[in-house]
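Asker: Contents of target30.cif (mmCIF, C-alpha atoms):
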data_model
loop_
_atom_site.label_atom_id
_atom_site.label_comp_id
_atom_site.auth_asym_id
_atom_site.auth_seq_id
_atom_site.Cartn_x
_atom_site.Cartn_y
_atom_site.Cartn_z
CA MET V 99 137.26 79.32 65.34
CA GLU V 100 139.04 76.07 66.03
CA ILE V 101 139.59 74.97 69.60
CA LYS V 102 141.56 71.81 70.20
CA VAL V 103 141.01 69.95 73.47
CA LEU V 104 144.39 68.68 74.64
CA SER V 105 143.14 66.97 77.80
CA GLU V 106 139.85 66.82 79.65
CA GLU V 107 138.64 65.57 82.99
CA LYS V 108 135.64 66.60 85.05
CA ASN V 109 137.41 69.36 87.01
CA GLU V 110 140.28 70.08 84.62
CA ILE V 111 140.60 70.95 80.95
CA GLU V 112 143.44 72.07 78.71
CA ILE V 113 142.64 73.62 75.34
CA GLU V 114 144.71 75.01 72.50
CA LEU V 115 143.51 78.36 71.20
CA LYS V 116 144.18 80.30 68.03
CA ASN V 117 146.08 83.19 69.59
CA VAL V 118 147.27 84.82 72.81
CA THR V 119 144.54 87.48 72.78
CA LEU V 120 141.79 84.86 73.06
CA ALA V 121 143.71 82.96 75.72
CA GLU V 122 144.21 86.10 77.83
CA ILE V 123 140.59 87.25 77.60
CA LEU V 124 139.38 83.80 78.61
CA ARG V 125 141.90 83.65 81.46
CA VAL V 126 140.66 86.97 82.88
CA TYR V 127 136.99 85.95 82.73
CA LEU V 128 137.67 82.48 84.13
CA ASN V 129 139.57 83.87 87.10
CA LYS V 130 136.53 86.01 88.00
CA ASP V 131 134.52 82.80 88.57
CA GLU V 132 134.64 81.66 92.20
CA GLY V 133 134.31 78.05 91.05
CA VAL V 134 137.65 78.25 89.24
CA ASP V 135 140.71 77.20 91.19
CA PHE V 136 143.26 77.95 88.46
CA ALA V 137 143.23 79.37 84.94
CA ALA V 138 146.38 80.21 83.01
CA TRP V 139 147.81 79.91 79.54
CA LYS V 140 151.27 79.09 78.25
CA ARG V 141 153.10 78.57 75.02
CA SER V 142 156.48 77.00 74.51
CA HIS V 143 157.53 79.35 71.71
CA PRO V 144 156.05 82.56 70.19
CA SER V 145 155.42 80.70 66.92
CA GLU V 146 153.18 78.15 68.68
CA LYS V 147 149.54 78.43 69.70
CA PRO V 148 148.82 79.03 73.40
CA ALA V 149 147.35 76.33 75.63
CA LEU V 150 144.88 77.35 78.34
CA LYS V 151 144.59 75.16 81.44
CA VAL V 152 141.61 75.41 83.77
CA LYS V 153 141.11 73.66 87.11
CA THR V 154 137.84 73.97 89.01
CA LYS V 155 136.81 73.37 92.61
CA SER V 156 133.50 71.63 92.05
CA LYS V 157 132.06 72.78 88.73
CA GLU V 158 132.60 70.91 85.48
CA ALA V 159 135.57 72.52 83.70
CA LYS V 160 133.98 72.43 80.24
CA LYS V 161 130.89 74.23 81.54
CA VAL V 162 133.00 76.91 83.24
CA VAL V 163 134.74 77.64 79.92
CA LYS V 164 131.39 77.77 78.09
CA ASP V 165 130.04 80.18 80.73
CA ALA V 166 133.11 82.42 80.34
CA VAL V 167 132.65 82.49 76.56
CA ALA V 168 128.98 83.42 77.04
CA ALA V 169 129.95 86.26 79.42
CA ILE V 170 132.55 87.56 76.96
CA THR V 171 130.02 87.47 74.13
CA LYS V 172 127.44 89.31 76.25
CA ASP V 173 129.94 92.04 77.19
CA LEU V 174 131.11 92.45 73.58
CA ASP V 175 127.50 92.74 72.37
CA LYS V 176 126.84 95.43 74.97
CA PHE V 177 130.04 97.25 73.99
CA GLU V 178 129.03 97.15 70.32
CA LYS V 179 125.56 98.46 71.14
CA ASP V 180 126.96 101.29 73.30
CA PHE V 181 129.58 102.16 70.69
CA SER V 182 126.98 102.38 67.92
CA LYS V 183 125.10 105.00 69.99
CA LEU V 184 128.09 107.36 69.87
CA LYS V 185 128.00 110.21 67.41
#
Written as structure tokens, that's how I'd like the structure from this file.

Answerer:
Amino acid sequence: MEIKVLSEEKNEIEIELKNVTLAEILRVYLNKDEGVDFAAWKRSHPSEKPALKVKTKSKEAKKVVKDAVAAITKDLDKFEKDFSKLK
């Protein structure tokens, strides 16, 4: 999956994602992190890709996004494992 970094500073990052679903999942997980001050996505028009902006209190913004992706992956792996147990 392609992720385009639109702007990056230590405590702030803005990235362009492939679709709204990815942006929303990331937003939800990022807002669970106490080190995140602000996480939201926007898009100017429905035909455009969404941009996710993250501001942190003290943590490095890039690391916070990586941690959120890791948490999402872990939860999806658990969901897949639990789902495969169903009969």

Asker: With the file shown as input, list the residues that the PyMOL selection byres ((chain V and resi 169-181) around 12) selects, as a PyMOL selection string.

Answerer: chain V and resi 120+122-128+130-131+162-168+182-185

Asker: Give me the residues within 8 Å of Lys140 of chain V as an NGL selection string, counting only C-alpha atoms and dropping any in the same chain fewer than 4 places off.

Answerer: :V and (148-150)

Asker: Given only C-alpha atoms as the basis, pick out the residue of V:Glu110, V:Ser142, V:Lys102, V:Thr119 nearest to Ser156 of chain V.

Answerer: V:Glu110

Asker: Between atom CA of Lys108 of chain V and atom CA of Ala121 of chain V, what is the distance in Å, rounded to a tenth?

Answerer: 20.5 Å

Asker: Taking 5 positions as the minimum chain separation for residues in the same chain, which residues sit within 10 Å of Glu100 of chain V when counting all atoms listed in the file? Answer as a ChimeraX atom specification.

Answerer: /V:114-116

Asker: Kindly provide, as a PyMOL selection string, the polymer residues lying within 9 Å of (147.3, 75.2, 88.6), counting all atoms listed in the file and using the coordinates exactly as they appear in the file.

Answerer: chain V and resi 135-138+151-153

Asker: What does the structure give for the distance between atom CA of Ser145 of chain V and atom CA of Lys161 of chain V, in Å to one decimal?

Answerer: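 Atom-to-atom, atom CA of Ser145 of chain V and atom CA of Lys161 of chain V are spaced 29.3 Å apart.
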
Asker: Report, as AutoDock Vina command-line options, the centre and edge lengths in Å (one decimal) of the axis-aligned box enclosing every listed atom of segment 130-146 of chain V, padded by 6 Å on each side.

Answerer:
--center_x 145.9 --center_y 81.5 --center_z 79.6 --size_x 35.2 --size_y 21.0 --size_z 37.3

Asker: In Å, how far is it from atom CA of Ala159 of chain V to atom CA of Pro144 of chain V?

Answerer: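 Computing it gives 26.5 Å between the two atoms.
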
Asker: For Ile113 of chain V, which residue among V:Val134, V:Thr154, V:His143, V:Lys160 is the nearest when counting all atoms listed in the file?

Answerer: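 Answer, going by the shortest atom-to-atom distance: V:Lys160.
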
Asker: Under the rule that all atoms listed in the file are counted, which of V:Asn129, V:Glu158, V:Ile101, V:Val118 is the nearest residue to Glu146 of chain V?

Answerer: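 When distances to Glu146 of chain V are compared using all atoms listed in the file, the smallest one comes from V:Val118.
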